[in-house]
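As stored in input38.csv (CSV, C-alpha atoms (C1' of nucleotides)):
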chain,number,residue,atom,x,y,z
A,1,MET,CA,5.6,30.9,-16.2
A,2,THR,CA,4.7,33.8,-14.0
A,3,PRO,CA,7.4,35.5,-11.8
A,4,SER,CA,6.0,34.0,-8.6
A,5,ASP,CA,6.0,30.6,-10.3
A,6,ARG,CA,9.7,31.1,-10.9
A,7,LEU,CA,10.3,32.0,-7.2
A,8,ARG,CA,8.5,28.8,-6.2
A,9,GLU,CA,10.7,26.8,-8.6
A,10,GLN,CA,13.8,28.4,-7.1
A,11,ALA,CA,12.8,27.7,-3.5
A,12,LEU,CA,11.9,24.1,-4.6
A,13,ASP,CA,15.3,23.5,-6.2
A,14,GLY,CA,17.0,24.8,-3.1
A,15,PHE,CA,14.8,22.5,-0.9
A,16,TRP,CA,15.7,19.4,-3.0
A,17,GLU,CA,19.4,20.2,-3.1
A,18,THR,CA,19.6,20.7,0.6
A,19,VAL,CA,17.0,19.2,2.9
A,20,PRO,CA,17.3,15.5,2.0
A,21,SER,CA,21.1,15.4,2.3
A,22,LEU,CA,21.1,17.6,5.4
A,23,TRP,CA,18.4,15.6,7.1
A,24,ASN,CA,20.2,12.4,6.2
A,25,PHE,CA,23.4,13.8,7.6
A,26,VAL,CA,21.8,14.7,10.9
A,27,ARG,CA,20.0,11.4,11.1
A,28,SER,CA,23.3,9.5,10.6
A,29,TYR,CA,24.8,11.5,13.5
A,30,ILE,CA,21.8,10.6,15.7
A,31,ARG,CA,22.1,6.9,14.6
A,32,VAL,CA,25.7,6.7,15.6
A,33,THR,CA,25.1,8.5,18.9
A,34,ALA,CA,22.1,6.5,19.8
A,35,THR,CA,23.5,3.1,18.8
A,36,SER,CA,27.0,3.5,20.2
A,37,ASN,CA,26.1,5.3,23.5
A,38,PHE,CA,22.9,3.3,24.1
A,39,ASP,CA,21.6,-0.1,23.0
A,40,VAL,CA,18.8,1.2,20.7
A,41,THR,CA,18.3,1.2,17.0
A,42,VAL,CA,17.4,4.4,15.1
A,43,GLU,CA,13.9,3.2,14.6
A,44,GLN,CA,13.6,2.6,18.4
A,45,PHE,CA,15.0,6.0,19.0
A,46,HIS,CA,12.3,7.6,16.8
A,47,VAL,CA,9.6,5.6,18.6
A,48,LEU,CA,10.8,7.1,21.9
A,49,ARG,CA,10.8,10.5,20.2
A,50,PHE,CA,7.2,10.2,19.2
A,51,VAL,CA,6.2,8.7,22.6
A,52,ARG,CA,7.5,11.8,24.3
A,53,LYS,CA,5.3,13.9,22.0
A,54,GLY,CA,2.4,11.9,23.5
A,55,MET,CA,1.5,9.7,20.6
A,56,SER,CA,-0.5,6.5,21.0
A,57,ILE,CA,0.2,3.2,19.3
A,58,SER,CA,-2.2,3.9,16.5
A,59,GLU,CA,-0.9,7.4,15.9
A,60,LEU,CA,2.6,6.1,15.9
A,61,ALA,CA,1.6,3.5,13.3
A,62,THR,CA,0.1,6.2,11.1
A,63,ALA,CA,3.1,8.6,11.5
A,64,LYS,CA,5.6,5.9,10.7
A,65,ASN,CA,3.5,4.2,8.1
A,66,ILE,CA,3.8,0.7,9.5
A,67,SER,CA,1.2,-1.6,10.9
A,68,ARG,CA,-0.2,-1.4,14.4
A,69,PRO,CA,1.1,-4.8,15.3
A,70,ALA,CA,4.6,-3.8,14.3
A,71,ILE,CA,4.5,-0.8,16.6
A,72,SER,CA,3.0,-2.9,19.4
A,73,GLN,CA,6.0,-5.3,19.1
A,74,ALA,CA,8.5,-2.4,18.9
A,75,VAL,CA,7.0,-1.1,22.1
A,76,ASP,CA,7.4,-4.5,23.7
A,77,ALA,CA,11.1,-4.3,23.0
A,78,LEU,CA,11.4,-0.8,24.5
A,79,VAL,CA,9.4,-1.9,27.6
A,80,LYS,CA,11.7,-4.8,28.1
A,81,LYS,CA,14.7,-2.4,27.9
A,82,GLY,CA,13.1,-0.3,30.6
A,83,LEU,CA,12.8,2.8,28.4
A,84,LEU,CA,9.0,3.1,28.5
A,85,THR,CA,5.9,1.8,30.2
A,86,ARG,CA,2.4,0.9,29.2
A,87,THR,CA,-0.6,1.9,31.3
A,88,GLN,CA,-4.3,1.6,30.5
A,89,SER,CA,-5.9,5.0,30.0
A,90,LEU,CA,-8.5,6.0,32.6
A,91,ASN,CA,-10.5,8.2,30.2
A,92,ASP,CA,-10.9,5.5,27.5
A,93,ARG,CA,-9.8,2.1,28.6
A,94,ARG,CA,-9.2,0.9,25.1
A,95,TYR,CA,-6.1,3.2,25.0
A,96,VAL,CA,-2.7,2.3,26.3
A,97,GLU,CA,-0.8,5.3,27.5
A,98,LEU,CA,2.9,5.1,26.6
A,99,THR,CA,5.2,6.9,29.1
A,100,LEU,CA,8.9,7.3,29.0
A,101,THR,CA,10.8,6.0,32.1
A,102,SER,CA,13.5,8.2,33.5
A,103,GLU,CA,16.0,6.1,31.6
A,104,GLY,CA,14.0,6.7,28.4
A,105,ASN,CA,13.9,10.4,29.0
A,106,ALA,CA,17.6,10.6,29.9
A,107,LEU,CA,18.4,8.7,26.7
A,108,LEU,CA,16.5,11.2,24.5
A,109,ASP,CA,17.9,14.2,26.3
A,110,SER,CA,21.4,12.9,26.0
A,111,VAL,CA,21.1,12.2,22.2
A,112,PHE,CA,19.4,15.5,21.5
A,113,LYS,CA,21.8,17.5,23.5
A,114,GLU,CA,24.8,15.9,21.8
A,115,THR,CA,23.3,16.3,18.4
A,116,ARG,CA,22.4,20.0,19.0
A,117,GLN,CA,25.9,20.7,20.2
A,118,TRP,CA,27.3,19.1,17.1
A,119,MET,CA,25.0,21.1,14.9
A,120,LYS,CA,25.8,24.3,16.7
A,121,GLU,CA,29.4,23.7,16.1
A,122,ARG,CA,28.7,23.3,12.3
A,123,MET,CA,26.7,26.5,12.3
A,124,LYS,CA,29.8,28.4,13.2
A,125,LYS,CA,30.5,28.5,9.5
A,126,LEU,CA,27.5,30.7,9.0
A,127,SER,CA,27.2,34.5,9.3
A,128,ALA,CA,24.7,36.3,11.5
A,129,THR,CA,22.7,37.3,8.4
A,130,GLU,CA,22.6,33.7,7.2
A,131,LEU,CA,21.5,32.4,10.6
A,132,GLU,CA,18.7,35.0,10.7
A,133,THR,CA,17.6,34.0,7.1
A,134,ILE,CA,17.4,30.4,8.2
A,135,ALA,CA,15.3,31.2,11.2
A,136,ARG,CA,12.9,33.2,9.1
A,137,ALA,CA,12.8,30.6,6.3
A,138,MET,CA,12.0,27.9,8.8
A,139,ASP,CA,8.9,29.9,9.9
A,140,ALA,CA,7.8,30.3,6.3
A,141,MET,CA,8.3,26.6,5.5
A,142,LYS,CA,6.2,25.6,8.5
A,143,LYS,CA,3.2,27.0,6.6
A,144,MET,CA,3.6,24.3,4.0
A,145,LEU,CA,2.5,21.7,6.6
A,146,ASP,CA,-1.0,23.1,7.2
B,1,MET,CA,25.8,33.1,25.8
B,2,THR,CA,27.1,35.4,23.1
B,3,PRO,CA,24.7,37.2,20.6
B,4,SER,CA,25.8,34.9,17.7
B,5,ASP,CA,25.3,31.9,20.0
B,6,ARG,CA,21.8,33.1,20.5
B,7,LEU,CA,21.3,33.3,16.7
B,8,ARG,CA,22.5,29.8,16.3
B,9,GLU,CA,20.1,28.6,18.9
B,10,GLN,CA,17.2,30.3,17.1
B,11,ALA,CA,18.1,28.8,13.7
B,12,LEU,CA,18.5,25.4,15.4
B,13,ASP,CA,15.1,25.7,17.1
B,14,GLY,CA,13.6,26.5,13.8
B,15,PHE,CA,15.3,23.6,12.1
B,16,TRP,CA,14.0,21.1,14.7
B,17,GLU,CA,10.5,22.5,14.6
B,18,THR,CA,10.3,22.4,10.8
B,19,VAL,CA,12.6,20.1,8.9
B,20,PRO,CA,11.8,16.7,10.5
B,21,SER,CA,8.0,17.1,10.1
B,22,LEU,CA,8.2,18.7,6.7
B,23,TRP,CA,10.6,16.0,5.3
B,24,ASN,CA,8.4,13.3,6.8
B,25,PHE,CA,5.4,14.9,5.2
B,26,VAL,CA,7.1,15.0,1.8
B,27,ARG,CA,8.4,11.5,2.2
B,28,SER,CA,4.8,10.3,3.0
B,29,TYR,CA,3.6,11.8,-0.2
B,30,ILE,CA,6.4,10.1,-2.2
B,31,ARG,CA,5.6,6.8,-0.4
B,32,VAL,CA,1.9,7.0,-1.5
B,33,THR,CA,2.8,8.0,-5.0
B,34,ALA,CA,5.5,5.4,-5.5
B,35,THR,CA,3.6,2.5,-3.9
B,36,SER,CA,0.2,3.2,-5.5
B,37,ASN,CA,1.3,4.1,-9.0
B,38,PHE,CA,4.1,1.6,-9.2
B,39,ASP,CA,4.9,-1.6,-7.5
B,40,VAL,CA,7.9,-0.4,-5.4
B,41,THR,CA,8.4,0.2,-1.7
B,42,VAL,CA,9.8,3.6,-0.5
B,43,GLU,CA,13.1,1.9,0.3
B,44,GLN,CA,13.3,0.6,-3.2
B,45,PHE,CA,12.4,4.0,-4.5
B,46,HIS,CA,15.3,5.5,-2.6
B,47,VAL,CA,17.7,2.9,-4.0
B,48,LEU,CA,16.7,4.0,-7.5
B,49,ARG,CA,17.2,7.6,-6.5
B,50,PHE,CA,20.8,6.9,-5.4
B,51,VAL,CA,21.5,4.7,-8.4
B,52,ARG,CA,20.6,7.6,-10.7
B,53,LYS,CA,23.2,9.6,-8.8
B,54,GLY,CA,25.7,7.0,-9.9
B,55,MET,CA,26.3,5.3,-6.6
B,56,SER,CA,27.8,1.8,-6.3
B,57,ILE,CA,26.6,-1.0,-4.1
B,58,SER,CA,29.1,-0.1,-1.4
B,59,GLU,CA,28.4,3.6,-1.5
B,60,LEU,CA,24.6,2.8,-1.3
B,61,ALA,CA,25.3,0.7,1.8
B,62,THR,CA,27.2,3.5,3.4
B,63,ALA,CA,24.7,6.2,2.4
B,64,LYS,CA,21.7,4.2,3.7
B,65,ASN,CA,23.6,2.7,6.7
B,66,ILE,CA,22.7,-0.9,5.9
B,67,SER,CA,24.9,-3.8,5.0
B,68,ARG,CA,26.3,-4.6,1.6
B,69,PRO,CA,24.5,-7.9,1.4
B,70,ALA,CA,21.2,-6.1,2.1
B,71,ILE,CA,21.8,-3.7,-0.7
B,72,SER,CA,22.9,-6.5,-3.0
B,73,GLN,CA,19.6,-8.3,-2.3
B,74,ALA,CA,17.5,-5.1,-2.7
B,75,VAL,CA,19.2,-4.6,-6.1
B,76,ASP,CA,18.2,-8.2,-7.0
B,77,ALA,CA,14.6,-7.3,-6.5
B,78,LEU,CA,14.9,-4.2,-8.6
B,79,VAL,CA,16.6,-6.1,-11.4
B,80,LYS,CA,13.8,-8.7,-11.4
B,81,LYS,CA,11.3,-5.9,-11.6
B,82,GLY,CA,13.2,-4.6,-14.7
B,83,LEU,CA,14.0,-1.2,-13.1
B,84,LEU,CA,17.7,-1.4,-13.2
B,85,THR,CA,20.6,-3.5,-14.6
B,86,ARG,CA,23.9,-4.7,-13.4
B,87,THR,CA,27.0,-4.7,-15.6
B,88,GLN,CA,30.6,-5.3,-14.7
B,89,SER,CA,32.7,-2.2,-14.8
B,90,LEU,CA,35.4,-2.1,-17.5
B,91,ASN,CA,37.8,0.2,-15.6
B,92,ASP,CA,37.8,-2.0,-12.5
B,93,ARG,CA,36.1,-5.3,-12.9
B,94,ARG,CA,35.4,-5.7,-9.2
B,95,TYR,CA,32.8,-3.0,-9.5
B,96,VAL,CA,29.3,-3.6,-10.7
B,97,GLU,CA,27.8,-0.7,-12.5
B,98,LEU,CA,24.1,-0.1,-11.7
B,99,THR,CA,22.1,1.6,-14.4
B,100,LEU,CA,18.4,2.5,-14.5
B,101,THR,CA,16.4,1.0,-17.3
B,102,SER,CA,14.0,3.3,-19.2
B,103,GLU,CA,11.2,2.0,-16.9
B,104,GLY,CA,13.3,2.9,-13.9
B,105,ASN,CA,14.0,6.4,-15.2
B,106,ALA,CA,10.4,6.9,-16.1
B,107,LEU,CA,9.3,5.8,-12.6
B,108,LEU,CA,11.6,8.3,-10.9
B,109,ASP,CA,10.7,11.1,-13.3
B,110,SER,CA,7.0,10.5,-12.7
B,111,VAL,CA,7.2,10.4,-8.9
B,112,PHE,CA,9.4,13.4,-8.8
B,113,LYS,CA,7.3,15.4,-11.2
B,114,GLU,CA,4.1,14.6,-9.3
B,115,THR,CA,5.8,15.4,-5.9
B,116,ARG,CA,7.2,18.7,-7.2
B,117,GLN,CA,3.8,19.7,-8.5
B,118,TRP,CA,2.2,19.0,-5.2
B,119,MET,CA,4.8,21.0,-3.3
B,120,LYS,CA,4.5,23.9,-5.7
B,121,GLU,CA,0.8,23.9,-5.0
B,122,ARG,CA,1.5,24.1,-1.3
B,123,MET,CA,4.0,26.9,-1.8
B,124,LYS,CA,1.2,29.1,-3.1
B,125,LYS,CA,0.5,29.9,0.5
B,126,LEU,CA,3.9,31.7,0.7
B,127,SER,CA,4.6,35.3,-0.3
B,128,ALA,CA,7.4,36.3,-2.7
B,129,THR,CA,9.5,37.5,0.1
B,130,GLU,CA,9.1,34.2,2.0
B,131,LEU,CA,10.1,32.2,-1.1
B,132,GLU,CA,13.2,34.3,-1.6
B,133,THR,CA,14.1,33.8,2.1
B,134,ILE,CA,13.7,30.1,1.7
B,135,ALA,CA,15.9,30.0,-1.4
B,136,ARG,CA,18.7,32.0,0.4
B,137,ALA,CA,18.3,29.9,3.6
B,138,MET,CA,18.8,26.7,1.6
B,139,ASP,CA,22.1,28.0,0.2
B,140,ALA,CA,23.3,28.8,3.7
B,141,MET,CA,22.2,25.5,5.1
B,142,LYS,CA,24.2,23.7,2.4
B,143,LYS,CA,27.3,25.0,4.1
B,144,MET,CA,26.6,22.8,7.1
B,145,LEU,CA,27.3,19.8,5.0
B,146,ASP,CA,31.0,20.5,4.2
C,1,DA,C1',57.8,-10.5,-10.3
C,2,DT,C1',55.3,-12.6,-6.8
C,3,DA,C1',53.0,-13.2,-2.5
C,4,DA,C1',50.0,-10.8,0.7
C,5,DA,C1',46.5,-7.5,1.7
C,6,DA,C1',42.7,-4.8,0.4
C,7,DT,C1',38.4,-4.0,-2.1
C,8,DA,C1',33.8,-5.0,-4.5
C,9,DG,C1',30.4,-7.8,-4.5
C,10,DT,C1',27.7,-12.3,-3.7
C,11,DT,C1',25.8,-16.4,-1.2
C,12,DT,C1',24.1,-18.7,2.8
C,13,DC,C1',21.8,-18.8,6.9
C,14,DA,C1',20.1,-17.3,11.3
C,15,DA,C1',17.9,-13.4,13.6
C,16,DT,C1',14.9,-9.5,13.4
C,17,DA,C1',11.1,-6.9,11.8
C,18,DC,C1',6.9,-6.6,9.3
C,19,DT,C1',2.1,-7.7,7.5
C,20,DT,C1',-2.3,-10.0,7.4
C,21,DA,C1',-5.9,-12.2,9.8
C,22,DA,C1',-8.2,-13.3,13.8
C,23,DC,C1',-8.9,-12.1,18.4
C,24,DT,C1',-10.2,-9.4,23.2
C,25,DA,C1',-11.8,-5.3,25.4
C,26,DT,C1',-14.0,-1.1,25.3
C,27,DT,C1',-16.8,2.7,23.6
C,28,DA,C1',-20.0,4.9,20.2
C,29,DA,C1',-24.0,4.7,17.2
C,30,DT,C1',-28.7,3.1,15.8
D,1,DA,C1',-30.0,-3.6,23.5
D,2,DT,C1',-27.7,-4.7,19.4
D,3,DT,C1',-24.5,-3.5,16.1
D,4,DA,C1',-20.6,-1.0,14.5
D,5,DA,C1',-16.3,1.1,15.4
D,6,DT,C1',-11.9,1.8,17.7
D,7,DA,C1',-7.5,0.5,20.3
D,8,DG,C1',-4.6,-2.8,21.0
D,9,DT,C1',-2.7,-7.7,21.0
D,10,DT,C1',-1.5,-12.4,19.5
D,11,DA,C1',-0.1,-15.8,16.1
D,12,DA,C1',1.8,-17.4,11.9
D,13,DG,C1',3.8,-16.6,7.6
D,14,DT,C1',6.8,-13.5,4.7
D,15,DA,C1',10.4,-10.4,3.8
D,16,DT,C1',14.6,-7.7,5.4
D,17,DT,C1',18.7,-7.6,7.5
D,18,DG,C1',23.4,-8.7,9.1
D,19,DA,C1',27.5,-11.8,10.2
D,20,DA,C1',30.5,-15.0,8.2
D,21,DA,C1',32.5,-17.2,4.6
D,22,DC,C1',33.2,-17.1,-0.2
D,23,DT,C1',34.9,-15.5,-5.4
D,24,DA,C1',37.1,-12.3,-8.3
D,25,DT,C1',39.9,-8.5,-9.0
D,26,DT,C1',43.2,-4.9,-8.0
D,27,DT,C1',46.7,-2.8,-5.0
D,28,DT,C1',50.6,-2.9,-2.0
D,29,DA,C1',54.8,-4.8,-0.1
D,30,DT,C1',58.6,-7.5,-0.4
Now that the file is in, can you turn its structure into structure tokens?
Amino acid sequence: MTPSDRLREQALDGFWETVPSLWNFVRSYIRVTATSNFDVTVEQFHVLRFVRKGMSISELATAKNISRPAISQAVDALVKKGLLTRTQSLNDRRYVELTLTSEGNALLDSVFKETRQWMKERMKKLSATELETIARAMDAMKKMLD
Amino acid sequence: MTPSDRLREQALDGFWETVPSLWNFVRSYIRVTATSNFDVTVEQFHVLRFVRKGMSISELATAKNISRPAISQAVDALVKKGLLTRTQSLNDRRYVELTLTSEGNALLDSVFKETRQWMKERMKKLSATELETIARAMDAMKKMLD
DNA sequence: ATAAAATAGTTTCAATACTTAACTATTAAT
DNA sequence: ATTAATAGTTAAGTATTGAAACTATTTTAT
């Protein structure tokens, strides 16, 4: 085991002790906020999140690892709720462009804003140095995605 | 906006740009490993994960935000697959103790080992300094959970 | 000590979500 | 000009989920 091997192990241990529980914690907060303030499930909320990023039906299916028909049906429900709209793409008419309605956008904005506020409050426990370390660590971790 | 307010904002931006996609990425890898090497869904895999932590049916339901009956039925499926067993607790006979079988333990070990190896490989892109930063950042982030 | 309340889990059944297979419409490739 | 590939939908069957009602056990209150 080389020294840099040991460093990787340490970072990895930290990752597994922290990220899954923290993300689960944040997700639970989103769940409660989204389902109590608005009539959407967490899954529907995440569909809206991906739609705002500009994802198509197929991309959504790949990203969420569920079938295209399942996404198509989830989109149906969101269209019925008035949170997004379908329009045929002009460039390639096989595509359906998903667009958030103003209600859909407002919903996402509201949930995100509230979650961010809650997280910022929790971050008050951290020192300036710790906050800087986190910001730098996040940049480094991004490289694992390429 | 105070200076430490700005630091919190920066750390928060980093969090949102990194953690959801990275965790999703890792989860996808686990999904493929668990479902292709073994006959379990990701959800079932996560149930096994929580069982190994010693969680009861009710705790599992709370942690995963689904109903007790749903967990009870998911446990049924895992018992039928020979991955875990139910036994009445001796201390409090209302409780059902969930225990992984050797097959269940082997499955978790195998998936975790493979995932860790894959992550370690990806971490080779990172410098020693970056790895140290990540390890320290993880410790700091843990404090947000209390 | 005993009745009432609370807790842990299960069963049943109806509602929801998901998958596979077959389909339409459109674009790309040979 | 066919053929193949891509994007999405529909339909039908399967599997997950949650609400309500239930058993068994333990705790609380009287």
Next item on the list: Give as JSON, numbers by chain every residue of chain A that touches chain B within 6 Å, counting only C-alpha atoms.
Entry: {"A": [11, 14, 18, 122, 131, 133, 134, 135, 137, 138, 140, 142, 144]}
Next item on the list: Compute the set of chain A residues within 7 Å of chain C, using only C-alpha atoms (C1' of nucleotides), and express it as a list in words.
Entry: Ala70, Arg93 and Arg94 of chain A
Check which residues of chain A sit at most 9 Å from chain D using only C-alpha atoms (C1' of nucleotides), and return one row each with the closest pair of atoms and their distance in Å to one decimal, ordered by chain and rising number, as JSON lines.
{"residue": "A:Ile57", "atom": "CA", "partner": "D:DG8", "partner_atom": "C1'", "distance": 7.9}
{"residue": "A:Ser58", "atom": "CA", "partner": "D:DA7", "partner_atom": "C1'", "distance": 7.4}
{"residue": "A:Arg68", "atom": "CA", "partner": "D:DG8", "partner_atom": "C1'", "distance": 8.1}
{"residue": "A:Pro69", "atom": "CA", "partner": "D:DT9", "partner_atom": "C1'", "distance": 7.4}
{"residue": "A:Ser72", "atom": "CA", "partner": "D:DT9", "partner_atom": "C1'", "distance": 7.6}
{"residue": "A:Arg93", "atom": "CA", "partner": "D:DA7", "partner_atom": "C1'", "distance": 8.8}
{"residue": "A:Arg94", "atom": "CA", "partner": "D:DA7", "partner_atom": "C1'", "distance": 5.1}
{"residue": "A:Tyr95", "atom": "CA", "partner": "D:DA7", "partner_atom": "C1'", "distance": 5.6}
{"residue": "A:Val96", "atom": "CA", "partner": "D:DG8", "partner_atom": "C1'", "distance": 7.6}
Store the residues of this selection in a file with C-alpha atoms, as a PDB file, in the coordinates of the input.
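Ended up saving to out_0.pdb:
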ATOM      1  CA  ILE A  57       0.200   3.200  19.300  1.00  0.00           C
ATOM      2  CA  SER A  58      -2.200   3.900  16.500  1.00  0.00           C
ATOM      3  CA  ARG A  68      -0.200  -1.400  14.400  1.00  0.00           C
ATOM      4  CA  PRO A  69       1.100  -4.800  15.300  1.00  0.00           C
ATOM      5  CA  SER A  72       3.000  -2.900  19.400  1.00  0.00           C
ATOM      6  CA  ARG A  93      -9.800   2.100  28.600  1.00  0.00           C
ATOM      7  CA  ARG A  94      -9.200   0.900  25.100  1.00  0.00           C
ATOM      8  CA  TYR A  95      -6.100   3.200  25.000  1.00  0.00           C
ATOM      9  CA  VAL A  96      -2.700   2.300  26.300  1.00  0.00           C
TER      10      VAL A  96
END
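The gap separating CA of Asn105 in chain A from CA of Ser56 in chain A is 16.9 Å, in Å to one decimal.
Pairwise distance (CA of Thr85 in chain B, CA of Ser36 in chain B) equals 23.3 Å.
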Next item on the list: Provide the CA of Tyr29 in chain B to CA of Phe50 in chain A distance in Å, to one decimal place.
Entry: 19.8 Å
Using only the atoms of range 47-64 of chain B listed in the file, plus 4 Å on each side, state the axis-aligned box centre and edge lengths in Å rounded to one decimal, as lines of an AutoDock Vina configuration file.
center_x = 22.9
center_y = 4.3
center_z = -3.5
size_x = 20.4
size_y = 18.6
size_z = 22.4
Next item on the list: Do a neighbour search on Ser110 in chain B at 12 Å with all atoms listed in the file, toss out local chain neighbours closer than 5 positions, and write the hits as a list in words.
Entry: Ile30, Thr33, Ala34, Asn37, Phe38, Phe45, Ser102, Glu103, Gly104, Asn105, Thr115, Arg116 and Gln117 of chain B
Next item on the list: Would you kindly return, as a ChimeraX atom specification, each protein, DNA or RNA residue with an atom no farther than 10 Å from any atom of Val75 in chain A, considering all atoms listed in the file and excluding same-chain residues fewer than 4 positions away?
Entry: /A:44,47-48,51,57,69-71,79-81,83-86,98
